[in-house]
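Chemist: My questions all concern the structure below.
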Amino acid sequence: MLGFKKAKNYITFNTDAALSTQRYVRRHIYLNVAFNMLLNAALPYFALRSYQYIPLYHGKENVVLYILPMFFILPFLVTLVVLTQTLTHAQKGRVDITIPHQNTGKWFRLRLGFINGIVSLAMASIVFIAWIYLNRHATVSVPVVVFISSLSSGLLSILFITQAIKYFQKN
């Protein structure tokens with residue numbers, strides 16, 4: 001039976017059928033990580049399959065062009081989607097999470113997604129700047145670009161899925 005309690009700006013959803021938070025996080029991680037890894041491996045593979053090597057940052061086709069935008073777009077979208085799904089599932093009683101009342105609006109989700117995207121992009125930019133500084137004329141093979149893209153998207157998905165869901169528990 002679904003019961004609602006409002007106490008001190010918190011909305012609590014209780015139900016016997018609710019998933020534990022740990023199982024809910026695992027379910028999201030398995031589905032979203034597999035999807036993001038496949039998608040972010042397929043994009044550079046099909047775009048760059050005619051090349052054997054591509055430069056790190058100069059030229060029409062380069063590593064930074066394919067990987068750096070992912071470091072903003074992926075955290076932004078993952079945070080936005082996971083927060084929306086978690087809020088919806090909590091309201092329907094599918095997951096047992098206490099949600100601060102002020103954290104239910106769309107502007108909160110957009111702001112947190114934007115912050116996650118900017119922080120992730122800044123960290124990736126620092127790594128790429130250091131890489132470029134160490135080796136200006138580096139070229140990277142296409143399978144390495146595909147691997148880096150797939151692995152980093154999987155790691156970003158895990159990080160921002162758990163961060164988004166745990167954010168509700170922290171507040």
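In the structure tokens, chains take the letters A, B, ... in the order shown, each chain's residues start at 1, and ligands count up from 1 in the order shown.
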Write down as a ChimeraX atom specification the residues belonging to chain A that are assigned strand (DSSP E or B) by DSSP computed on the backbone.

Modeler: /A:3-7,10-14,19,53-55,95,98-100,139-141

Chemist: Please provide the set of residues having any atom within 10 Å of stretch 124-135 of chain A, restricted to only C-alpha atoms, with same-chain residues fewer than 6 positions apart removed, written as a ChimeraX atom specification.

Modeler: /A:56-57,63-64,67-72,118

Chemist: How about saving the chosen residues, N, CA, C and O atoms kept, as a PDB file, in the first residue's frame?

Modeler:
```pdb
ATOM      1  N   LEU A  56      45.685  13.808 -32.682  1.00  0.00           N
ATOM      2  CA  LEU A  56      45.114  14.061 -31.364  1.00  0.00           C
ATOM      3  C   LEU A  56      44.214  15.289 -31.349  1.00  0.00           C
ATOM      4  O   LEU A  56      43.088  15.223 -30.878  1.00  0.00           O
ATOM      5  N   TYR A  57      44.696  16.408 -31.902  1.00  0.00           N
ATOM      6  CA  TYR A  57      43.863  17.610 -31.816  1.00  0.00           C
ATOM      7  C   TYR A  57      43.850  18.479 -33.068  1.00  0.00           C
ATOM      8  O   TYR A  57      43.072  19.412 -33.144  1.00  0.00           O
ATOM      9  N   VAL A  63      40.892  13.285 -32.299  1.00  0.00           N
ATOM     10  CA  VAL A  63      40.410  12.585 -31.109  1.00  0.00           C
ATOM     11  C   VAL A  63      39.573  13.517 -30.231  1.00  0.00           C
ATOM     12  O   VAL A  63      38.514  13.127 -29.737  1.00  0.00           O
ATOM     13  N   VAL A  64      40.044  14.722 -30.053  1.00  0.00           N
ATOM     14  CA  VAL A  64      39.349  15.673 -29.193  1.00  0.00           C
ATOM     15  C   VAL A  64      37.936  15.950 -29.709  1.00  0.00           C
ATOM     16  O   VAL A  64      36.997  16.066 -28.933  1.00  0.00           O
ATOM     17  N   ILE A  67      35.768  12.862 -28.544  1.00  0.00           N
ATOM     18  CA  ILE A  67      35.684  12.467 -27.141  1.00  0.00           C
ATOM     19  C   ILE A  67      35.297  13.622 -26.217  1.00  0.00           C
ATOM     20  O   ILE A  67      34.503  13.432 -25.302  1.00  0.00           O
ATOM     21  N   LEU A  68      35.813  14.805 -26.441  1.00  0.00           N
ATOM     22  CA  LEU A  68      35.556  15.914 -25.529  1.00  0.00           C
ATOM     23  C   LEU A  68      34.079  16.306 -25.428  1.00  0.00           C
ATOM     24  O   LEU A  68      33.592  16.521 -24.317  1.00  0.00           O
ATOM     25  N   PRO A  69      33.312  16.384 -26.527  1.00  0.00           N
ATOM     26  CA  PRO A  69      31.885  16.710 -26.369  1.00  0.00           C
ATOM     27  C   PRO A  69      31.120  15.668 -25.543  1.00  0.00           C
ATOM     28  O   PRO A  69      30.167  16.008 -24.842  1.00  0.00           O
ATOM     29  N   MET A  70      31.569  14.414 -25.611  1.00  0.00           N
ATOM     30  CA  MET A  70      30.919  13.374 -24.825  1.00  0.00           C
ATOM     31  C   MET A  70      31.032  13.650 -23.330  1.00  0.00           C
ATOM     32  O   MET A  70      30.138  13.314 -22.563  1.00  0.00           O
ATOM     33  N   PHE A  71      32.122  14.299 -22.912  1.00  0.00           N
ATOM     34  CA  PHE A  71      32.332  14.578 -21.505  1.00  0.00           C
ATOM     35  C   PHE A  71      31.403  15.660 -20.971  1.00  0.00           C
ATOM     36  O   PHE A  71      31.316  15.853 -19.766  1.00  0.00           O
ATOM     37  N   PHE A  72      30.709  16.385 -21.829  1.00  0.00           N
ATOM     38  CA  PHE A  72      29.655  17.282 -21.365  1.00  0.00           C
ATOM     39  C   PHE A  72      28.280  16.669 -21.585  1.00  0.00           C
ATOM     40  O   PHE A  72      27.441  16.657 -20.684  1.00  0.00           O
ATOM     41  N   ILE A 118      29.666  20.359 -16.911  1.00  0.00           N
ATOM     42  CA  ILE A 118      30.769  21.321 -16.885  1.00  0.00           C
ATOM     43  C   ILE A 118      31.955  20.779 -16.094  1.00  0.00           C
ATOM     44  O   ILE A 118      33.109  20.884 -16.523  1.00  0.00           O
TER      45      ILE A 118
END
```

Chemist: List every residue of stretch 10-138 of chain A that DSSP, applied to the backbone of this structure, assigns to alpha helix (DSSP H), and report them as a VMD selection string.

Modeler: chain A and resid 21 to 48 63 to 67 70 to 91 106 to 134

Chemist: Mind checking which residues fall within 12 Å of A:Leu110, counting only C-alpha atoms, ignoring those fewer than 2 positions away in the same chain, and posting them as a VMD selection string?

Modeler: chain A and resid 75 to 84 103 to 108 112 to 117 164

Chemist: Next, write the just-selected residues to a file, as a short mmCIF file (atom, residue, chain, number, x, y, z; two decimals), in the first residue's frame, keeping C-alpha atoms as the atom set.

Modeler:
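Saved file again.cif follows:
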```
data_model
loop_
_atom_site.label_atom_id
_atom_site.label_comp_id
_atom_site.auth_asym_id
_atom_site.auth_seq_id
_atom_site.Cartn_x
_atom_site.Cartn_y
_atom_site.Cartn_z
CA PRO A 75 26.85 13.56 -17.77
CA PHE A 76 24.22 16.16 -18.59
CA LEU A 77 21.82 13.68 -20.19
CA VAL A 78 22.49 10.86 -17.71
CA THR A 79 21.84 13.16 -14.76
CA LEU A 80 18.71 14.58 -16.33
CA VAL A 81 17.24 11.19 -17.30
CA VAL A 82 18.16 9.36 -14.10
CA LEU A 83 16.85 12.11 -11.81
CA THR A 84 13.59 12.23 -13.76
CA ASN A 103 14.52 18.89 -5.44
CA THR A 104 11.57 17.83 -7.55
CA GLY A 105 11.48 20.62 -10.15
CA LYS A 106 12.81 20.53 -13.69
CA TRP A 107 15.15 23.49 -13.08
CA PHE A 108 16.85 21.57 -10.29
CA LEU A 112 22.51 19.62 -11.61
CA GLY A 113 22.96 18.09 -15.08
CA PHE A 114 24.65 21.25 -16.35
CA ILE A 115 26.98 21.36 -13.33
CA ASN A 116 27.89 17.69 -13.81
CA GLY A 117 28.58 18.28 -17.50
CA ALA A 164 22.26 11.33 -9.24
#
```

Chemist: Can you build me a table of stretch 20-50 of chain A residues sitting at most 9 Å from stretch 154-158 of chain A, with the closest atom pair per residue and its distance in Å to one decimal, using only C-alpha atoms, sorted by chain and residue number, as a Markdown table?

Modeler:
```
| residue | atom | partner | partner_atom | distance |
| --- | --- | --- | --- | --- |
| A:His28 | CA | A:Ile158 | CA | 9.0 |
| A:Ile29 | CA | A:Ile158 | CA | 6.0 |
| A:Tyr30 | CA | A:Ile158 | CA | 8.9 |
| A:Asn32 | CA | A:Ser157 | CA | 7.0 |
| A:Val33 | CA | A:Gly154 | CA | 5.1 |
| A:Ala34 | CA | A:Gly154 | CA | 7.4 |
| A:Phe35 | CA | A:Gly154 | CA | 8.9 |
| A:Asn36 | CA | A:Gly154 | CA | 6.4 |
| A:Met37 | CA | A:Gly154 | CA | 5.4 |
| A:Asn40 | CA | A:Gly154 | CA | 8.9 |
```

Chemist: Could the residues in this selection be saved with C-alpha atoms as a PDB file, in the first residue's frame?

Modeler:
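Contents of out-v8.pdb, freshly written:
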```pdb
ATOM      1  CA  HIS A  28      20.025   1.533 -13.837  1.00  0.00           C
ATOM      2  CA  ILE A  29      23.744   0.942 -14.100  1.00  0.00           C
ATOM      3  CA  TYR A  30      23.430  -2.318 -16.049  1.00  0.00           C
ATOM      4  CA  ASN A  32      22.431   2.553 -19.069  1.00  0.00           C
ATOM      5  CA  VAL A  33      26.101   1.577 -19.054  1.00  0.00           C
ATOM      6  CA  ALA A  34      25.601  -1.078 -21.719  1.00  0.00           C
ATOM      7  CA  PHE A  35      23.615   1.336 -23.894  1.00  0.00           C
ATOM      8  CA  ASN A  36      26.094   4.215 -23.480  1.00  0.00           C
ATOM      9  CA  MET A  37      29.143   2.035 -24.110  1.00  0.00           C
ATOM     10  CA  ASN A  40      29.747   5.769 -27.792  1.00  0.00           C
TER      11      ASN A  40
END
```

Chemist: Tell me which of A:Ile73, A:Ala138, A:Ile97, A:Ile148 sits closest to A:Pro44, counting only C-alpha atoms.

Modeler: A:Ile148

Chemist: Can you pull out the residues contacting A:Thr139? Cut-off 7 Å, using only C-alpha atoms, and skip same-chain residues under 6 positions away; I want them as a list of chain:residue names.

Modeler: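 Listed by chain and then number, they are A:Tyr53, A:Ile54, A:Pro55, A:Leu56.
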
Chemist: Generate a file of the selected residues that holds N, CA, C and O atoms, formatted as a compact mmCIF listing (two decimals), in the first residue's frame.

Modeler:
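Resulting contents of again26.txt:
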```txt
# COMPACT_ATOMS: atom_id res chain seq x y z
N TYR A 53 44.82 5.96 -38.62
CA TYR A 53 45.25 6.79 -37.50
C TYR A 53 44.63 8.18 -37.65
O TYR A 53 44.44 8.64 -38.76
N ILE A 54 44.35 8.81 -36.53
CA ILE A 54 43.87 10.19 -36.56
C ILE A 54 44.69 11.02 -35.58
O ILE A 54 45.17 10.50 -34.57
N PRO A 55 44.87 12.32 -35.88
CA PRO A 55 45.65 13.16 -34.98
C PRO A 55 44.92 13.43 -33.68
O PRO A 55 43.69 13.32 -33.60
N LEU A 56 45.69 13.81 -32.68
CA LEU A 56 45.11 14.06 -31.36
C LEU A 56 44.21 15.29 -31.35
O LEU A 56 43.09 15.22 -30.88
```

Chemist: Restricting the calculation to only C-alpha atoms: of A:Thr86, A:Leu38, A:Thr21, A:His58, which residue gets closest to A:Ser152?

Modeler: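 Under the stated criterion, the closest residue is A:Leu38.
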
Chemist: What is the atom CA of A:Ser153-atom CA of A:Tyr45 distance in Å, reported with one decimal?

Modeler: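 Between these atoms lies a distance of 14.4 Å.
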
Chemist: Which residue gives the smallest distance to A:Leu43 among A:Val119, A:Val145, A:Leu159, A:Ile99, with only C-alpha atoms counted?

Modeler: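 Comparing A:Val119, A:Val145, A:Leu159, A:Ile99 against A:Leu43, the winner is A:Val145.
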
Chemist: For the atom pair atom CA of A:Arg111 and atom CA of A:Tyr24, what is the interatomic distance in Å to one decimal place?

Modeler: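 Distance reported for this atom pair: 23.3 Å.
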